[in-house]
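Visitor: Input: one structure, supplied below.
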Amino acid sequence: MRKPRKDKAGIMLAAPMGLWVTLFFAVPLLIIVTYSFLKKGLYGGVEWEPSFDAYRQVLDPDFIAVTLRTLWTSILATLTCLALALPTAYAIARSRHQTLFLFLTIIPFWTSSLIRIYAWINLLSTEGLVNNILLALGIIKEPLHLIYNLFAVILVLVYMYLPFAILPLFTAFDRFDFTLVDAARDLGSSKLGALVRIMLPSVRSGITTALVFTAIPVFGAYTVPLLVGGMGSTMVGNIIVDQVQKTRNWPLASAFSVILTLVSLIGVLTVLRGGRKDKKSKEVRT
Amino acid sequence: MQGKGSAISIQHITKSFGSFKALDDVSLDIAPGEFFSLLGPSGCGKTTLLRIIAGFEEPDQGEVLFDGTSVLRLPPEKRPCNMVFQNFALFPHLSVRGNIAFPLKRKGLGKEEREERVDELIRFVELTGHDNKKPGQLSGGQKQRVAIARALACEPDVLLLDEPLSALDAKLRQSLLVELDEIHDKVGITFIYVTHDQGEALSVSDHMAIFNEGRLLQAGTPYEIYESPSTLFTASFIGEGNIFPCTALSSRWDEEDDEWIITVDVPALGRTLEVTDWGPVEDGRRLYFSIRPEKVRIVAGDVDLGPGCFHGIVDEPVYAGYQSKFYVKTDEGATIRVLKSHTTYLEEGPGIEWKDRVSVIWRPADGYLVKEEWHEET
Ligand SMILES: Nc1ncnc2c1ncn2[C@@H]1O[C@H](COP(=O)(O)OP(=O)(O)OP(=O)(O)O)[C@@H](O)[C@H]1O
Ligand SMILES: [Mg+2]
């Protein structure tokens, strides 16, 4: 008599969550997927007529070039984030002033991302702070082209998403028992060996989370390439915005969104699987 | 699996953390192959000393010699000692096999040889059948065995053990301590065992050292430490004592028993007493007189038990199963603690209860003097 009632309560309790996911996640996704298989309307919108036009357009060499660039930019930015976040998170976890450093890490979130991007424009532009200082010091004669190129896009992307890599890594390092490193050294590991063989596997889940947290937003970025990128550094995000606002090809925008989502999904699943598989293979090996 | 065991000499080790002196001029000599315990209250610097020997911490001053050779310049991985950590420090992502194989891999042993050695160690610590479990799936005692097997894998000359049993419950602690003693006998290497449990230290050590506040107070055999503590701290830290300030009045040589008999005035007991010692004590010297509770004989009623007998009433009896403890308030106003074992064949007279009148006495040879000076305010 009791069990069914309990089950009912469970469903009732889960209902808001289910409703939330359906409304704000499943429905929009479904709309996008549907749109990508329809014909484009004359002034935006769609004609309700099934078609693969959008996906055919995606295969245009120019678009493929942008997609590949997006991939490679994202990988570069994500790996740079990780490379910077690993030692930073380690240092914060070992520091006596943890709270202060964590606080500093999240301070940027208090300001709109747009304002922060404009700050970077001020820093990097031809008459920007960096160039002015370098000129004044006589290190350079001509202003450097620091902005409106791929370099600027990657730099600002790394800046924007670094905290997303630091925080999960910090949690992993903070939970890590550092006497294990002592133990490894006692048992014959060098300092570096101990870090790689013992600490790295223990913080693997943190690394996975950091990868996912940075790769996904970086991959879908559009404000950063729009504001600090040039012609040669547009990303898929920019194509989508253009197709929605300027060219008014909604099915094409949808098709790109679907591709973006799919690639992200595949990426995330690979990273997650990789982490798990590694654990298993180790179990067998030792 | 017989190793050789190193002699360890610790010379004038001093270590400060900021302005805090964790170790203050500590010197110790440990013979090859012995079971040596470092005993002291929490925070006295035991772990710090062990970490200096292992190489995780650098002393500000002093030397650590293994068989006469300094190891201070060697990194931890190069020192011929291995450590069993307080919280086991097993690698969570490796299985029991993986943990034990870890040091062997670092040493570069071939796969076959390595597997063989791991099997041998697993049998040695009786973990057969648990090979592929992860540390998270093991009980506390099993974890401890893995930690010991892992530390012994590379046949170190010295095994450092930092309170290896403190994370286990009392019963398990007892049986693992016995096992540890057996392992020590089998492998024959030097064990340096850190503990704050005096029972553990007294029962298994060949020699032990007492620490307090970063200083080495006394080193010796468990018998020496227990029977003739040299400082007030040792006397009160090890076992229980009835400790009273006293003043030496005179010393005389006793031909017959080949010992010195010191007459001391003990104001707290309202008496002068005789106590034996290894040598004479300067007349008028201020020191402490102590008698262990278990060495005091207690008898119900006002009975004359001979010279040095005290009479009084039982202030507070504490029953503890195999023994009872009595706080006896003497007619002179002192409190003497008495331990009485409940062995039936020794039972004399009627049982002793609260507020009963009793007589207590001890042999002069059982009392001892602690040669630390007292001051008026103590
Ligand atoms: N890295 C460090 N930095 C600052 N102080 C330290 C450090 N390591 C130890 N200490 C201090 O040195 C003193 C001795 O520490 P240690 O760990 O050696 O004590 P212990 O005798 O092992 O105590 P316990 O029985 O509680 O383990 C303590 O007061 C401790 O706070
Ligand atoms: Mg300690």
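Residue numbers start at 1 in each chain; chains themselves are named A, B, ... in the order of the structure tokens; ligands are numbered from 1 in the order shown.
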Could you list the residues in chain A lying within 6 Å of chain B, using only C-alpha atoms, and format the result as an MDAnalysis selection string?

Guide: chainID A and resid 180 185:188 286

Visitor: Output C-alpha atoms of each residue in that selection to a file, as a PDB file, in the first residue's frame.

Guide:
```pdb
ATOM      1  CA  LEU A 180      50.113  10.343  -1.550  1.00  0.00           C
ATOM      2  CA  ARG A 185      58.424   9.596  -3.551  1.00  0.00           C
ATOM      3  CA  ASP A 186      59.160   7.393  -0.580  1.00  0.00           C
ATOM      4  CA  LEU A 187      58.533   4.410  -2.840  1.00  0.00           C
ATOM      5  CA  GLY A 188      61.019   5.549  -5.458  1.00  0.00           C
ATOM      6  CA  THR A 286      48.115  -3.565 -12.645  1.00  0.00           C
TER       7      THR A 286
END
```

Visitor: As a PyMOL selection string, please: the residues near range 44-48 of chain B (cut-off 12 Å, only C-alpha atoms, same-chain neighbours under 2 positions excluded).

Guide: chain B and resi 13-17+20-26+37-42+50-59+83-86+160-164+192-196+209-217

Visitor: Apply DSSP to the backbone of this structure and, from range 165-224 of chain A, keep only the residues in alpha helix (DSSP H); write these as JSON, numbers by chain.

Guide: {"A": [165, 166, 167, 168, 169, 170, 171, 172, 173, 174, 175, 179, 180, 181, 182, 183, 184, 185, 186, 191, 192, 193, 194, 200, 201, 202, 204, 205, 206, 207, 208, 209, 210, 211, 212, 213, 214, 215, 216, 217, 218, 219, 223, 224]}

Visitor: Using backbone DSSP assignments, extract all strand (DSSP E) residues from range 43-253 of chain A; output them as a PyMOL selection string.

Guide: chain A and resi 46-50

Visitor: Please provide the set of residues having any atom within 9 Å of Asp174 in chain A, restricted to only C-alpha atoms, with same-chain residues fewer than 6 positions apart removed, written as a list in words.

Guide: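 Counting only C-alpha atoms, the residues come to Ala89, Tyr90, Ile92, Ala93 and Arg94 of chain A.
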
Visitor: Take the residues from that selection and write them out as an mmCIF file, in the first residue's frame, keeping N, CA, C and O atoms.

Guide:
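Saved the output as out-v4.cif:
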```
data_model
loop_
_atom_site.group_PDB
_atom_site.id
_atom_site.type_symbol
_atom_site.label_atom_id
_atom_site.label_comp_id
_atom_site.auth_asym_id
_atom_site.auth_seq_id
_atom_site.Cartn_x
_atom_site.Cartn_y
_atom_site.Cartn_z
ATOM 1 N N ALA A 89 45.377 26.158 -10.516
ATOM 2 C CA ALA A 89 44.503 25.475 -9.559
ATOM 3 C C ALA A 89 45.339 24.765 -8.505
ATOM 4 O O ALA A 89 45.012 24.781 -7.316
ATOM 5 N N TYR A 90 46.431 24.161 -8.941
ATOM 6 C CA TYR A 90 47.331 23.472 -8.003
ATOM 7 C C TYR A 90 47.850 24.456 -6.970
ATOM 8 O O TYR A 90 47.801 24.203 -5.763
ATOM 9 N N ILE A 92 46.580 27.338 -6.081
ATOM 10 C CA ILE A 92 45.518 27.831 -5.192
ATOM 11 C C ILE A 92 45.219 26.781 -4.125
ATOM 12 O O ILE A 92 45.090 27.084 -2.942
ATOM 13 N N ALA A 93 45.131 25.516 -4.543
ATOM 14 C CA ALA A 93 44.783 24.452 -3.596
ATOM 15 C C ALA A 93 45.839 24.315 -2.509
ATOM 16 O O ALA A 93 45.535 23.986 -1.371
ATOM 17 N N ARG A 94 47.090 24.582 -2.856
ATOM 18 C CA ARG A 94 48.162 24.426 -1.875
ATOM 19 C C ARG A 94 48.409 25.697 -1.080
ATOM 20 O O ARG A 94 49.174 25.697 -0.118
#
```
